[in-house]
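Student: Pasting in a structure now, in structure tokens, and then I'll have a few things to ask.
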Amino acid sequence: MLLNVFMLIAGLAVLVWSADKFVYGAAAFARNLGLPPMLIGLTIVAMGSSAPEMFVAATASMEGMRDTAVGNVLGSNVANITLILGVTAMIGAVAVSSQTLKREIPMMLAATALAGYFLHDGILDRNEGIILAVAFLALMAYLIWHALTNKTPDPLADDADEEIPRDVPTSKALIWLVVGIILLPLSADWMVDGAVGIAKYYGLSDLVIGLTIIAVGTSLPELAACVASALKKEDDLAIGNIVGSNMFNILAVLALPGLIAPGVVDAQAVTRDFYMVMATSVALALFVLMSGKDRQLKRWHGAIFMAIFIGYQYVLFQTN
């Protein structure tokens, strides 16, 4: 049991660290190549925050743990909104002023609805995995096209530019990129193996371990990024990290179990857990839209999200 706990903690620590170094190296290398900061922010930096979920989902799927992979996606999306935005909003009201985000929140809801349609029959097959992956690529292509052609000032673009490393030698950027590529799959494997051992010891299902320990663990990069953004008053970047991560999770990461290990999904994931993802996503949109001209998440919104997160975790462990 102690070995499993050590593997889980060590895997998580290395996973988060290597994802950060991967993003650092890739973003610095892309800047050195002369790519626009907004393009780098929308692709490398945004996808980098979902790198832990991607590698854990791929590893779990290859080991036949489809429900853990699906649970990781659904649990991460719930944690991103309830835990991470909850904490961020309680630090201080988070304004949403970017035109990009006013477009991306509906996109997040549409992506979530598409995933729900695929999951409603209790099966995630390979064709659905392909469609999710294609939808992800189409979304990326649209966001890149819009970023390159839109001339309207966007606060998110300035915030993204500040997050991209400057004056990093190409050789150093490539070293960190390679380190990240090597350590990400290794640490994901440690984390999954440790989580499986803990799940078996306590009698937890593959789905619950993915929804709880793994989901919260892989969401730590987003938590760190959002808290840092809130403290620096970069509100658009804080919301952008969550909305972007949730879109990538539901399209790119959920596609992985469909592609690698298609088959029957735990009935609880199809009903209880997907509905929680959809409900919290809609709540985020409503809180922003109903906040008046300020268009912000207020501290009491954050308190509600935190209460939902705690209640959801309690239900998961009670009904396991």
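Labels used: A, B, ... for chains in the order of the structure tokens, numbers from 1 for residues in each chain, and numbers from 1 for ligands as shown.
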Per residue of stretch 29-145 of chain A within 6 Å of stretch 260-268 of chain A, which atom pair is closest and at what distance in Å (one decimal), using only C-alpha atoms, listed by chain and increasing number, as JSON lines?

Tutor:
{"residue": "A:Ser61", "atom": "CA", "partner": "A:Ala261", "partner_atom": "CA", "distance": 5.5}
{"residue": "A:Gly122", "atom": "CA", "partner": "A:Val265", "partner_atom": "CA", "distance": 5.3}
{"residue": "A:Ile123", "atom": "CA", "partner": "A:Val264", "partner_atom": "CA", "distance": 4.4}
{"residue": "A:Leu124", "atom": "CA", "partner": "A:Gly263", "partner_atom": "CA", "distance": 5.5}
{"residue": "A:Asp125", "atom": "CA", "partner": "A:Pro262", "partner_atom": "CA", "distance": 4.6}
{"residue": "A:Arg126", "atom": "CA", "partner": "A:Pro262", "partner_atom": "CA", "distance": 5.6}

Student: For the selection just defined, write its residues with C-alpha atoms to a file, as an mmCIF file, in the first residue's frame.

Tutor:
data_model
loop_
_atom_site.group_PDB
_atom_site.id
_atom_site.type_symbol
_atom_site.label_atom_id
_atom_site.label_comp_id
_atom_site.auth_asym_id
_atom_site.auth_seq_id
_atom_site.Cartn_x
_atom_site.Cartn_y
_atom_site.Cartn_z
ATOM 1 C CA SER A 61 -6.619 3.145 -21.922
ATOM 2 C CA GLY A 122 -23.161 3.639 -22.557
ATOM 3 C CA ILE A 123 -20.612 2.913 -25.282
ATOM 4 C CA LEU A 124 -17.666 4.940 -26.542
ATOM 5 C CA ASP A 125 -16.640 3.398 -29.842
ATOM 6 C CA ARG A 126 -13.734 4.065 -32.193
#

Student: Just the residues within 9 Å of A:Ile105, please, counting only C-alpha atoms, with nothing from its chain fewer than 6 positions along; format it as a PyMOL selection string.

Tutor: chain A and resi 243-244+281+284-285

Student: In Å to one decimal, how far is atom CA of A:Glu53 from atom CA of A:Ala138?

Tutor: 20.3 Å

Student: Using only C-alpha atoms, what table do you get, as CSV, when you list each residue of stretch 35-152 of chain A with an atom no more than 7 Å from stretch 218-222 of chain A, its nearest pair of atoms, and their distance in Å rounded to one decimal, rows by chain then rising number?

Tutor:
residue,atom,partner,partner_atom,distance
A:Ser49,CA,A:Pro221,CA,6.1
A:Pro52,CA,A:Thr218,CA,5.4
A:Glu53,CA,A:Thr218,CA,5.8
A:Ser76,CA,A:Ser219,CA,6.0
A:Asn80,CA,A:Ser219,CA,6.6

Student: Find the residue from A:Leu85, A:Asn127, A:Thr112, A:Leu211 that sits nearest to A:Ala269; use only C-alpha atoms when measuring.

Tutor: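 Of A:Leu85, A:Asn127, A:Thr112, A:Leu211, the one nearest A:Ala269 is A:Leu211, counting only C-alpha atoms.
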
Student: For A:Leu8, list every protein, DNA or RNA residue within 9 Å, evaluated using only C-alpha atoms, and leave out those in the same chain fewer than 5 positions away; present the list as a list in words.

Tutor: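 Counting only the stated atoms, we get Leu3, Ala13, Ser187, Trp190, Met191, Val192, Asp193, Gly194, Ala195, Ile198 and Ile214 of chain A.
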
Student: Mind dumping the selected residues with N, CA and C atoms as a CSV table (one decimal), in the first residue's frame?

Tutor:
chain,number,residue,atom,x,y,z
A,3,LEU,N,3.9,1.5,-1.1
A,3,LEU,CA,4.5,1.7,-2.4
A,3,LEU,C,3.6,2.3,-3.4
A,13,ALA,N,3.8,14.2,-9.0
A,13,ALA,CA,4.8,15.3,-8.9
A,13,ALA,C,5.6,15.5,-10.2
A,187,SER,N,5.9,9.2,-16.0
A,187,SER,CA,5.2,9.6,-14.7
A,187,SER,C,3.7,9.2,-14.8
A,190,TRP,N,3.5,5.7,-13.7
A,190,TRP,CA,3.6,5.5,-12.3
A,190,TRP,C,2.3,5.9,-11.6
A,191,MET,N,1.7,7.0,-12.0
A,191,MET,CA,0.6,7.5,-11.3
A,191,MET,C,-0.6,6.6,-11.5
A,192,VAL,N,-0.8,6.1,-12.7
A,192,VAL,CA,-1.9,5.1,-12.9
A,192,VAL,C,-1.7,3.8,-12.1
A,193,ASP,N,-0.5,3.3,-12.1
A,193,ASP,CA,-0.2,2.1,-11.4
A,193,ASP,C,-0.5,2.3,-9.9
A,194,GLY,N,0.0,3.4,-9.3
A,194,GLY,CA,-0.2,3.7,-7.9
A,194,GLY,C,-1.7,3.8,-7.6
A,195,ALA,N,-2.4,4.5,-8.5
A,195,ALA,CA,-3.9,4.7,-8.3
A,195,ALA,C,-4.6,3.4,-8.3
A,198,ILE,N,-4.1,1.6,-5.0
A,198,ILE,CA,-4.9,2.2,-4.0
A,198,ILE,C,-6.4,1.9,-4.1
A,214,ILE,N,-7.1,11.0,-9.4
A,214,ILE,CA,-6.4,11.3,-10.6
A,214,ILE,C,-6.9,12.6,-11.2

Student: Tell me, in Å to one decimal, how far atom CA of A:Met247 is from atom CA of A:Ala283.

Tutor: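 Between atom CA of A:Met247 and atom CA of A:Ala283 the gap is 15.8 Å.
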
Student: Check stretch 44-280 of chain A with DSSP on the backbone and list each residue it calls helix (DSSP H, G or I), as a PyMOL selection string.

Tutor: chain A and resi 44-48+51-62+66-91+99-119+126-149+155-163+170-202+206-218+220-231+235-260+267-280

Student: So what do you get for atom CA of A:Asp189 versus atom CA of A:Tyr201, distance-wise?

Tutor: 18.5 Å

Student: Which parts of stretch 194-320 of chain A does DSSP call strand (DSSP E or B) when run on the backbone here, written out as a list in words?

Tutor: Gly263, Val264, Gln296 and Leu297 of chain A

Student: Quick one: everything within 10 Å of A:Cys226, counting only C-alpha atoms, minus sequence neighbours fewer than 4 positions away in the same chain. Send it as a VMD selection string.

Tutor: chain A and resid 80 84 to 85 87 to 89 220 to 222 230 to 232 234 to 242

Student: With all heavy atoms kept, could you save the residues just selected as a short mmCIF file (atom, residue, chain, number, x, y, z; two decimals), in the first residue's frame?

Tutor:
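result04.cif, freshly written:
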data_model
loop_
_atom_site.label_atom_id
_atom_site.label_comp_id
_atom_site.auth_asym_id
_atom_site.auth_seq_id
_atom_site.Cartn_x
_atom_site.Cartn_y
_atom_site.Cartn_z
N ASN A 80 -12.05 21.49 -12.58
CA ASN A 80 -11.60 22.76 -13.16
C ASN A 80 -12.56 23.90 -12.84
O ASN A 80 -12.14 25.01 -12.49
CB ASN A 80 -11.46 22.63 -14.68
CG ASN A 80 -10.18 21.93 -15.10
OD1 ASN A 80 -9.29 21.71 -14.28
ND2 ASN A 80 -10.10 21.55 -16.36
N ILE A 84 -11.17 24.78 -9.03
CA ILE A 84 -10.16 25.76 -9.45
C ILE A 84 -10.77 27.15 -9.63
O ILE A 84 -10.26 28.14 -9.09
CB ILE A 84 -9.46 25.28 -10.73
CG1 ILE A 84 -8.73 23.97 -10.44
CG2 ILE A 84 -8.49 26.36 -11.24
CD1 ILE A 84 -8.11 23.33 -11.64
N LEU A 85 -11.88 27.24 -10.38
CA LEU A 85 -12.51 28.55 -10.50
C LEU A 85 -13.13 28.98 -9.17
O LEU A 85 -13.22 30.17 -8.88
CB LEU A 85 -13.58 28.54 -11.59
CG LEU A 85 -13.07 28.73 -13.03
CD1 LEU A 85 -14.24 28.82 -14.00
CD2 LEU A 85 -12.18 29.95 -13.15
N VAL A 87 -11.81 28.41 -6.12
CA VAL A 87 -10.70 29.01 -5.37
C VAL A 87 -10.31 30.35 -5.95
O VAL A 87 -10.10 31.34 -5.24
CB VAL A 87 -9.49 28.06 -5.36
CG1 VAL A 87 -8.26 28.76 -4.79
CG2 VAL A 87 -9.80 26.80 -4.55
N THR A 88 -10.21 30.41 -7.29
CA THR A 88 -9.78 31.64 -7.97
C THR A 88 -10.75 32.79 -7.70
O THR A 88 -10.34 33.92 -7.40
CB THR A 88 -9.66 31.41 -9.49
OG1 THR A 88 -8.78 30.30 -9.72
CG2 THR A 88 -9.10 32.63 -10.18
N ALA A 89 -12.05 32.51 -7.82
CA ALA A 89 -13.05 33.55 -7.61
C ALA A 89 -13.09 34.00 -6.15
O ALA A 89 -13.37 35.17 -5.86
CB ALA A 89 -14.43 33.06 -8.05
N LEU A 220 -3.99 20.00 -11.13
CA LEU A 220 -3.12 20.90 -10.36
C LEU A 220 -2.43 21.96 -11.21
O LEU A 220 -2.28 23.11 -10.76
CB LEU A 220 -2.08 20.09 -9.58
CG LEU A 220 -2.63 19.27 -8.40
CD1 LEU A 220 -1.50 18.49 -7.72
CD2 LEU A 220 -3.33 20.17 -7.39
N PRO A 221 -1.97 21.65 -12.45
CA PRO A 221 -1.37 22.72 -13.25
C PRO A 221 -2.34 23.87 -13.51
O PRO A 221 -1.95 25.04 -13.48
CB PRO A 221 -1.00 22.01 -14.57
CG PRO A 221 -0.81 20.59 -14.18
CD PRO A 221 -1.83 20.34 -13.11
N GLU A 222 -3.61 23.54 -13.77
CA GLU A 222 -4.60 24.59 -13.99
C GLU A 222 -4.83 25.40 -12.71
O GLU A 222 -5.01 26.62 -12.76
CB GLU A 222 -5.93 23.99 -14.47
CG GLU A 222 -5.93 23.53 -15.91
CD GLU A 222 -5.59 22.05 -16.02
OE1 GLU A 222 -5.00 21.50 -15.07
OE2 GLU A 222 -5.89 21.46 -17.07
N ALA A 230 -4.90 35.08 -11.17
CA ALA A 230 -5.79 35.90 -10.34
C ALA A 230 -4.98 36.89 -9.50
O ALA A 230 -5.36 38.06 -9.36
CB ALA A 230 -6.63 35.01 -9.43
N LEU A 231 -3.87 36.43 -8.94
CA LEU A 231 -3.04 37.31 -8.11
C LEU A 231 -2.41 38.43 -8.95
O LEU A 231 -2.17 39.53 -8.43
CB LEU A 231 -1.94 36.50 -7.41
CG LEU A 231 -2.43 35.49 -6.36
CD1 LEU A 231 -1.27 34.66 -5.84
CD2 LEU A 231 -3.13 36.21 -5.21
N LYS A 232 -2.16 38.14 -10.22
CA LYS A 232 -1.59 39.16 -11.12
C LYS A 232 -2.67 39.96 -11.84
O LYS A 232 -2.37 40.77 -12.71
CB LYS A 232 -0.66 38.49 -12.14
CG LYS A 232 0.61 37.92 -11.54
CD LYS A 232 1.57 37.40 -12.59
CE LYS A 232 1.07 36.15 -13.25
NZ LYS A 232 2.08 35.58 -14.18
N GLU A 234 -4.74 38.95 -14.04
CA GLU A 234 -4.90 38.56 -15.44
C GLU A 234 -6.14 37.68 -15.54
O GLU A 234 -6.08 36.47 -15.75
CB GLU A 234 -3.65 37.82 -15.92
CG GLU A 234 -2.39 38.70 -15.93
CD GLU A 234 -1.14 37.92 -16.26
OE1 GLU A 234 -1.18 36.67 -16.24
OE2 GLU A 234 -0.11 38.55 -16.55
N ASP A 235 -7.30 38.32 -15.39
CA ASP A 235 -8.55 37.58 -15.28
C ASP A 235 -8.86 36.75 -16.52
O ASP A 235 -9.33 35.61 -16.42
CB ASP A 235 -9.71 38.55 -15.02
CG ASP A 235 -9.63 39.19 -13.64
OD1 ASP A 235 -8.76 38.76 -12.86
OD2 ASP A 235 -10.41 40.10 -13.35
N ASP A 236 -8.63 37.32 -17.71
CA ASP A 236 -8.95 36.59 -18.92
C ASP A 236 -8.13 35.31 -19.04
O ASP A 236 -8.62 34.29 -19.52
CB ASP A 236 -8.72 37.47 -20.15
CG ASP A 236 -9.88 38.41 -20.41
OD1 ASP A 236 -11.01 37.92 -20.56
OD2 ASP A 236 -9.66 39.63 -20.44
N LEU A 237 -6.89 35.38 -18.60
CA LEU A 237 -6.03 34.20 -18.67
C LEU A 237 -6.52 33.14 -17.70
O LEU A 237 -6.47 31.94 -18.00
CB LEU A 237 -4.59 34.59 -18.37
CG LEU A 237 -3.51 33.58 -18.79
CD1 LEU A 237 -3.59 33.31 -20.28
CD2 LEU A 237 -2.13 34.09 -18.41
N ALA A 238 -7.01 33.55 -16.53
CA ALA A 238 -7.51 32.59 -15.54
C ALA A 238 -8.71 31.83 -16.10
O ALA A 238 -8.76 30.59 -16.05
CB ALA A 238 -7.89 33.32 -14.26
N ILE A 239 -9.69 32.56 -16.63
CA ILE A 239 -10.86 31.91 -17.21
C ILE A 239 -10.46 31.13 -18.46
O ILE A 239 -10.94 30.01 -18.71
CB ILE A 239 -11.95 32.94 -17.57
CG1 ILE A 239 -12.49 33.61 -16.31
CG2 ILE A 239 -13.08 32.29 -18.34
CD1 ILE A 239 -13.51 32.82 -15.56
N GLY A 240 -9.58 31.71 -19.26
CA GLY A 240 -9.16 31.07 -20.50
C GLY A 240 -8.51 29.72 -20.27
O GLY A 240 -8.72 28.77 -21.04
N ASN A 241 -7.70 29.61 -19.20
CA ASN A 241 -7.08 28.33 -18.88
C ASN A 241 -8.12 27.24 -18.65
O ASN A 241 -7.97 26.10 -19.10
CB ASN A 241 -6.21 28.48 -17.62
CG ASN A 241 -4.87 29.11 -17.91
OD1 ASN A 241 -4.34 28.97 -19.01
ND2 ASN A 241 -4.32 29.81 -16.94
N ILE A 242 -9.19 27.60 -17.94
CA ILE A 242 -10.21 26.61 -17.60
C ILE A 242 -11.08 26.25 -18.81
O ILE A 242 -11.31 25.07 -19.11
CB ILE A 242 -11.11 27.13 -16.45
CG1 ILE A 242 -10.27 27.29 -15.18
CG2 ILE A 242 -12.28 26.19 -16.22
CD1 ILE A 242 -9.55 26.04 -14.75
#
